[in-house]
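What follows is a set of notes on a single structure, which appears directly below.
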Amino acid sequence: MSVGRVLIYGGKGALGAACVSHFKDNNYWVGSIDLNENDRADVSIVVPRDSSWIEQEQEVLGKVNDALQNNKLDAVICVAGGWAGGNAEKDLAKNADLMWRQSVWTSTISATVAAHHLKPGGLLALTGAQPALKGTPGMIGYGLAKAAVHQLTRSMAGNNSGLPDGAFVVSILPVTLDTPMNRKWMPKADFTTWTPLNEIAGVFHKWTKGEQRKKNGALVQLITKDGITQLVETD
């Protein structure tokens with residue numbers, strides 16, 4: 001018997017897979033949405049890679065509706081995303097388009113799913129980025145997309161956003177996540193300043209249960225130092 005129901009958008013990525021496993025280990029029904037299947041989830045919705053934004057939204061909404069069978073969700077958590085560097089000199093439109101697909105498309109579809117299927121008082125969690133609180137000249141497309149997620153977070157927390165009564169909306173703003181890929185590409189970095197994936201999954205779990213929630217619409221920076229992570233709300 002599950003204690004609740006959560007949906008993880010980006011459920012096959014490093015952070016998403018950690019979230020799926022964490023919630024499964026704590027007896028939740030878990031749905032995964034991703035470009036690839038996660039066989040640990042109770043339901044794994046695979047998004048067609050080449051479909052448009054509108055087509056993806058329709059596909060996801062239809063499959064989530066079928067999977068839930070009129071049950072409501074305790075949380076919709078979007079941890080889909082990616083990274084691309086680059087300034088305005090080369091491939092700006094290409095990089096910005098990729099970042100928009102990976103972060104903004106997924107976040108808006110998550111918001112739509114929450115508007116239709118989240119229970120009153122439920123959680124909508126999105127993933128922004130701490131560097132996007134300022135200019136990002138070395139990764140302009142990335143900064144654009146993450147800043148849009150920050151704006152979406154604050155919009156969804158406002159009145160008449162379409163969410164059910166009492167819904168809690170938040171964005172996590174990591175600096176660097178401790179993933180195998182990041183360790184591969186930055187082997188000499190100080191890993192004590194990277195945020196562990198299981199720690200983030202645990203924070204999502206607490207927020208799902210209504211514990212230690214921040215201000216509605218908060219942009220919560222994940223600041224890790226000496227292996228200890230602090231949750232710092234952005235003004």
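Quick note on naming: the chains in the structure tokens go A, B, ... in the order shown, residues restart at 1 in each chain, and ligands are numbered from 1 in order of appearance.
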Give me the residues near Ala147 of chain A as a PyMOL selection string, where near means some atom within 9 Å (using only C-alpha atoms) and where sequence neighbours in that chain fewer than 3 positions away do not count.
chain A and resi 128-129+132-133+142-144+150-152
Non-local contacts of Arg213 of chain A (9 Å; only C-alpha atoms; under 5 positions in same chain excluded) as a PyMOL selection string:
chain A and resi 168+170+206-208
Take the residues that were just selected and, keeping all heavy atoms, output them as an mmCIF file, in the first residue's frame.
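The result, stored in selection-v1.cif:
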data_model
loop_
_atom_site.group_PDB
_atom_site.id
_atom_site.type_symbol
_atom_site.label_atom_id
_atom_site.label_comp_id
_atom_site.auth_asym_id
_atom_site.auth_seq_id
_atom_site.Cartn_x
_atom_site.Cartn_y
_atom_site.Cartn_z
ATOM 1 N N PHE A 168 2.035 24.185 -2.805
ATOM 2 C CA PHE A 168 3.326 24.783 -2.489
ATOM 3 C C PHE A 168 4.230 24.664 -3.709
ATOM 4 O O PHE A 168 4.474 23.568 -4.207
ATOM 5 C CB PHE A 168 3.957 24.073 -1.289
ATOM 6 C CG PHE A 168 5.374 24.469 -1.007
ATOM 7 C CD1 PHE A 168 5.730 25.792 -0.805
ATOM 8 C CD2 PHE A 168 6.378 23.503 -0.929
ATOM 9 C CE1 PHE A 168 7.055 26.156 -0.548
ATOM 10 C CE2 PHE A 168 7.698 23.846 -0.662
ATOM 11 C CZ PHE A 168 8.033 25.186 -0.469
ATOM 12 N N VAL A 170 7.965 25.675 -5.486
ATOM 13 C CA VAL A 170 9.334 26.018 -5.115
ATOM 14 C C VAL A 170 10.272 25.627 -6.245
ATOM 15 O O VAL A 170 9.978 24.718 -7.025
ATOM 16 C CB VAL A 170 9.724 25.276 -3.808
ATOM 17 C CG1 VAL A 170 9.734 23.764 -4.013
ATOM 18 C CG2 VAL A 170 11.034 25.771 -3.238
ATOM 19 N N LYS A 206 10.613 15.602 2.295
ATOM 20 C CA LYS A 206 10.094 16.403 3.413
ATOM 21 C C LYS A 206 9.047 17.396 2.933
ATOM 22 O O LYS A 206 7.983 17.547 3.554
ATOM 23 C CB LYS A 206 11.242 17.141 4.109
ATOM 24 C CG LYS A 206 12.156 16.241 4.918
ATOM 25 C CD LYS A 206 13.310 17.023 5.518
ATOM 26 C CE LYS A 206 14.253 16.099 6.273
ATOM 27 N NZ LYS A 206 15.429 16.831 6.794
ATOM 28 N N TRP A 207 9.331 18.080 1.839
ATOM 29 C CA TRP A 207 8.368 19.059 1.312
ATOM 30 C C TRP A 207 7.076 18.369 0.874
ATOM 31 O O TRP A 207 5.986 18.917 1.038
ATOM 32 C CB TRP A 207 8.985 19.813 0.148
ATOM 33 C CG TRP A 207 10.047 20.797 0.544
ATOM 34 C CD1 TRP A 207 10.291 21.297 1.799
ATOM 35 C CD2 TRP A 207 11.016 21.409 -0.312
ATOM 36 N NE1 TRP A 207 11.349 22.180 1.769
ATOM 37 C CE2 TRP A 207 11.816 22.271 0.489
ATOM 38 C CE3 TRP A 207 11.294 21.315 -1.679
ATOM 39 C CZ2 TRP A 207 12.854 23.039 -0.040
ATOM 40 C CZ3 TRP A 207 12.330 22.070 -2.205
ATOM 41 C CH2 TRP A 207 13.102 22.924 -1.400
ATOM 42 N N THR A 208 7.203 17.167 0.317
ATOM 43 C CA THR A 208 6.013 16.420 -0.092
ATOM 44 C C THR A 208 5.127 16.117 1.116
ATOM 45 O O THR A 208 3.891 16.163 1.024
ATOM 46 C CB THR A 208 6.424 15.107 -0.796
ATOM 47 O OG1 THR A 208 7.161 15.430 -1.985
ATOM 48 C CG2 THR A 208 5.212 14.268 -1.180
#
List the neighbours of Ala148 of chain A out to 12 Å using only C-alpha atoms; skip same-chain residues closer than 6 positions along the sequence, and give me the result as number ranges by chain.
A: 96, 99-101, 103-108, 126-129, 132-133, 141-142, 154-155, 171
Next, dump the selected residues to file, keeping only all heavy atoms, as a compact mmCIF listing (two decimals), in the first residue's frame.
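Printed below is part_24.txt as written:
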# COMPACT_ATOMS: atom_id res chain seq x y z
N ALA A 96 20.56 27.94 -26.94
CA ALA A 96 19.38 28.42 -26.22
C ALA A 96 18.17 27.53 -26.51
O ALA A 96 17.38 27.23 -25.61
CB ALA A 96 19.08 29.87 -26.60
N MET A 99 18.53 24.34 -24.46
CA MET A 99 18.25 24.59 -23.04
C MET A 99 16.77 24.84 -22.79
O MET A 99 16.21 24.42 -21.78
CB MET A 99 19.07 25.80 -22.56
CG MET A 99 20.58 25.59 -22.55
SD MET A 99 21.12 24.25 -21.43
CE MET A 99 21.13 22.83 -22.54
N TRP A 100 16.12 25.52 -23.73
CA TRP A 100 14.69 25.78 -23.59
C TRP A 100 13.91 24.47 -23.60
O TRP A 100 13.02 24.25 -22.80
CB TRP A 100 14.23 26.68 -24.75
CG TRP A 100 13.10 27.59 -24.37
CD1 TRP A 100 11.79 27.45 -24.69
CD2 TRP A 100 13.18 28.79 -23.59
NE1 TRP A 100 11.05 28.49 -24.16
CE2 TRP A 100 11.87 29.32 -23.48
CE3 TRP A 100 14.23 29.46 -22.96
CZ2 TRP A 100 11.59 30.49 -22.79
CZ3 TRP A 100 13.96 30.62 -22.26
CH2 TRP A 100 12.66 31.12 -22.18
N ARG A 101 14.29 23.56 -24.51
CA ARG A 101 13.62 22.26 -24.59
C ARG A 101 13.83 21.47 -23.30
O ARG A 101 12.90 20.84 -22.77
CB ARG A 101 14.18 21.45 -25.76
CG ARG A 101 13.77 21.95 -27.13
CD ARG A 101 14.59 21.28 -28.21
NE ARG A 101 14.24 21.78 -29.54
CZ ARG A 101 13.36 21.19 -30.35
NH1 ARG A 101 12.76 20.07 -29.99
NH2 ARG A 101 13.09 21.70 -31.53
N SER A 103 14.77 22.50 -20.17
CA SER A 103 14.36 23.08 -18.89
C SER A 103 12.98 23.73 -18.92
O SER A 103 12.18 23.51 -18.00
CB SER A 103 15.39 24.13 -18.44
OG SER A 103 16.59 23.51 -18.02
N VAL A 104 12.69 24.52 -19.95
CA VAL A 104 11.44 25.29 -19.95
C VAL A 104 10.27 24.42 -20.41
O VAL A 104 9.20 24.44 -19.80
CB VAL A 104 11.57 26.55 -20.82
CG1 VAL A 104 10.26 27.34 -20.82
CG2 VAL A 104 12.70 27.43 -20.30
N TRP A 105 10.45 23.64 -21.46
CA TRP A 105 9.37 22.75 -21.90
C TRP A 105 8.96 21.83 -20.76
O TRP A 105 7.78 21.68 -20.44
CB TRP A 105 9.82 21.89 -23.08
CG TRP A 105 9.96 22.59 -24.40
CD1 TRP A 105 10.15 23.93 -24.62
CD2 TRP A 105 9.97 21.96 -25.69
NE1 TRP A 105 10.27 24.17 -25.96
CE2 TRP A 105 10.17 22.97 -26.64
CE3 TRP A 105 9.84 20.65 -26.12
CZ2 TRP A 105 10.22 22.71 -28.00
CZ3 TRP A 105 9.90 20.37 -27.48
CH2 TRP A 105 10.08 21.40 -28.42
N THR A 106 9.93 21.20 -20.13
CA THR A 106 9.65 20.22 -19.09
C THR A 106 8.98 20.88 -17.88
O THR A 106 8.08 20.29 -17.26
CB THR A 106 10.93 19.51 -18.66
OG1 THR A 106 11.91 20.49 -18.28
CG2 THR A 106 11.50 18.67 -19.79
N SER A 107 9.43 22.08 -17.54
CA SER A 107 8.87 22.77 -16.37
C SER A 107 7.43 23.22 -16.62
O SER A 107 6.58 23.09 -15.73
CB SER A 107 9.74 23.99 -16.01
OG SER A 107 11.03 23.58 -15.61
N THR A 108 7.15 23.72 -17.82
CA THR A 108 5.78 24.15 -18.10
C THR A 108 4.84 22.96 -18.19
O THR A 108 3.70 23.03 -17.72
CB THR A 108 5.70 24.97 -19.41
OG1 THR A 108 6.18 24.18 -20.50
CG2 THR A 108 6.50 26.26 -19.31
N LEU A 126 10.31 22.70 -9.08
CA LEU A 126 11.03 22.87 -10.34
C LEU A 126 12.51 23.04 -10.05
O LEU A 126 12.93 23.15 -8.90
CB LEU A 126 10.48 24.09 -11.09
CG LEU A 126 8.97 24.11 -11.35
CD1 LEU A 126 8.56 25.42 -12.01
CD2 LEU A 126 8.53 22.92 -12.18
N THR A 127 13.32 23.06 -11.12
CA THR A 127 14.77 23.15 -10.95
C THR A 127 15.31 24.34 -11.73
O THR A 127 15.34 24.34 -12.96
CB THR A 127 15.46 21.87 -11.42
OG1 THR A 127 14.93 20.75 -10.69
CG2 THR A 127 16.96 21.94 -11.17
N GLY A 128 15.71 25.36 -10.99
CA GLY A 128 16.38 26.51 -11.57
C GLY A 128 17.88 26.33 -11.48
O GLY A 128 18.40 25.22 -11.56
N ALA A 129 18.59 27.44 -11.28
CA ALA A 129 20.05 27.36 -11.14
C ALA A 129 20.56 28.61 -10.43
O ALA A 129 20.17 29.74 -10.80
CB ALA A 129 20.73 27.22 -12.50
N ALA A 132 22.03 31.56 -12.48
CA ALA A 132 21.09 32.33 -13.30
C ALA A 132 20.42 33.47 -12.51
O ALA A 132 19.61 34.21 -13.07
CB ALA A 132 20.02 31.42 -13.89
N LEU A 133 20.78 33.62 -11.23
CA LEU A 133 20.31 34.79 -10.49
C LEU A 133 21.04 36.05 -10.96
O LEU A 133 20.60 37.17 -10.68
CB LEU A 133 20.54 34.59 -8.99
CG LEU A 133 19.71 33.49 -8.33
CD1 LEU A 133 20.18 33.24 -6.90
CD2 LEU A 133 18.22 33.84 -8.36
N GLY A 141 22.56 30.72 -23.11
CA GLY A 141 21.34 29.93 -23.33
C GLY A 141 20.87 29.26 -22.05
O GLY A 141 19.68 29.23 -21.75
N TYR A 142 21.81 28.73 -21.28
CA TYR A 142 21.50 28.08 -20.01
C TYR A 142 20.89 29.10 -19.04
O TYR A 142 19.86 28.83 -18.41
CB TYR A 142 22.78 27.50 -19.42
CG TYR A 142 22.62 26.85 -18.07
CD1 TYR A 142 22.15 25.55 -17.95
CD2 TYR A 142 22.99 27.53 -16.90
CE1 TYR A 142 22.03 24.93 -16.71
CE2 TYR A 142 22.86 26.93 -15.66
CZ TYR A 142 22.38 25.64 -15.57
OH TYR A 142 22.26 25.04 -14.34
N ARG A 154 7.56 31.64 -9.61
CA ARG A 154 6.87 32.72 -8.91
C ARG A 154 5.46 32.94 -9.48
O ARG A 154 4.53 33.27 -8.74
CB ARG A 154 7.71 33.99 -8.98
CG ARG A 154 8.95 33.87 -8.09
CD ARG A 154 9.89 35.03 -8.16
NE ARG A 154 10.76 35.03 -6.97
CZ ARG A 154 11.95 35.60 -6.93
NH1 ARG A 154 12.43 36.22 -8.01
NH2 ARG A 154 12.68 35.58 -5.83
N SER A 155 5.30 32.72 -10.75
CA SER A 155 3.97 32.85 -11.35
C SER A 155 3.04 31.76 -10.85
O SER A 155 1.88 32.01 -10.52
CB SER A 155 4.06 32.77 -12.88
OG SER A 155 4.71 33.91 -13.41
N SER A 171 11.39 26.34 -6.35
CA SER A 171 12.47 25.92 -7.25
C SER A 171 13.72 25.69 -6.42
O SER A 171 14.06 26.51 -5.56
CB SER A 171 12.78 26.99 -8.30
OG SER A 171 12.28 26.66 -9.55
Within 8 Å of Thr176 of chain A, counting only C-alpha atoms, which residues qualify if same-chain residues fewer than 6 places away don't, as a PDB file with C-alpha atoms, in the first residue's frame?
ATOM      1  CA  THR A 193      31.126  21.891  -2.476  1.00  0.00           C
ATOM      2  CA  TRP A 194      28.893  19.670  -4.641  1.00  0.00           C
ATOM      3  CA  THR A 195      25.399  18.783  -3.503  1.00  0.00           C
TER       4      THR A 195
END
Excluding segment 65-69 of chain A and its own-chain neighbours fewer than 4 positions away, which residues fall within 10 Å of it when counting only C-alpha atoms? Please give them as a list in words.
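Once the adjacent positions are removed, what remains is Arg5, Trp29, Gly31, Asp42, Val43, Ser44, Ile45, Val60, Leu61, Leu73, Val113, His116 and His117 of chain A.
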Using only C-alpha atoms, which of the listed residues (A:Thr192, A:Ser161, A:Ser32, A:Ser110) sits closest to Asp226 of chain A?
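The shortest atom-to-atom distance to Asp226 of chain A comes from A:Thr192.
The space separating atom CA of Asp25 of chain A from atom CA of Gly227 of chain A comes to 23.8 Å.
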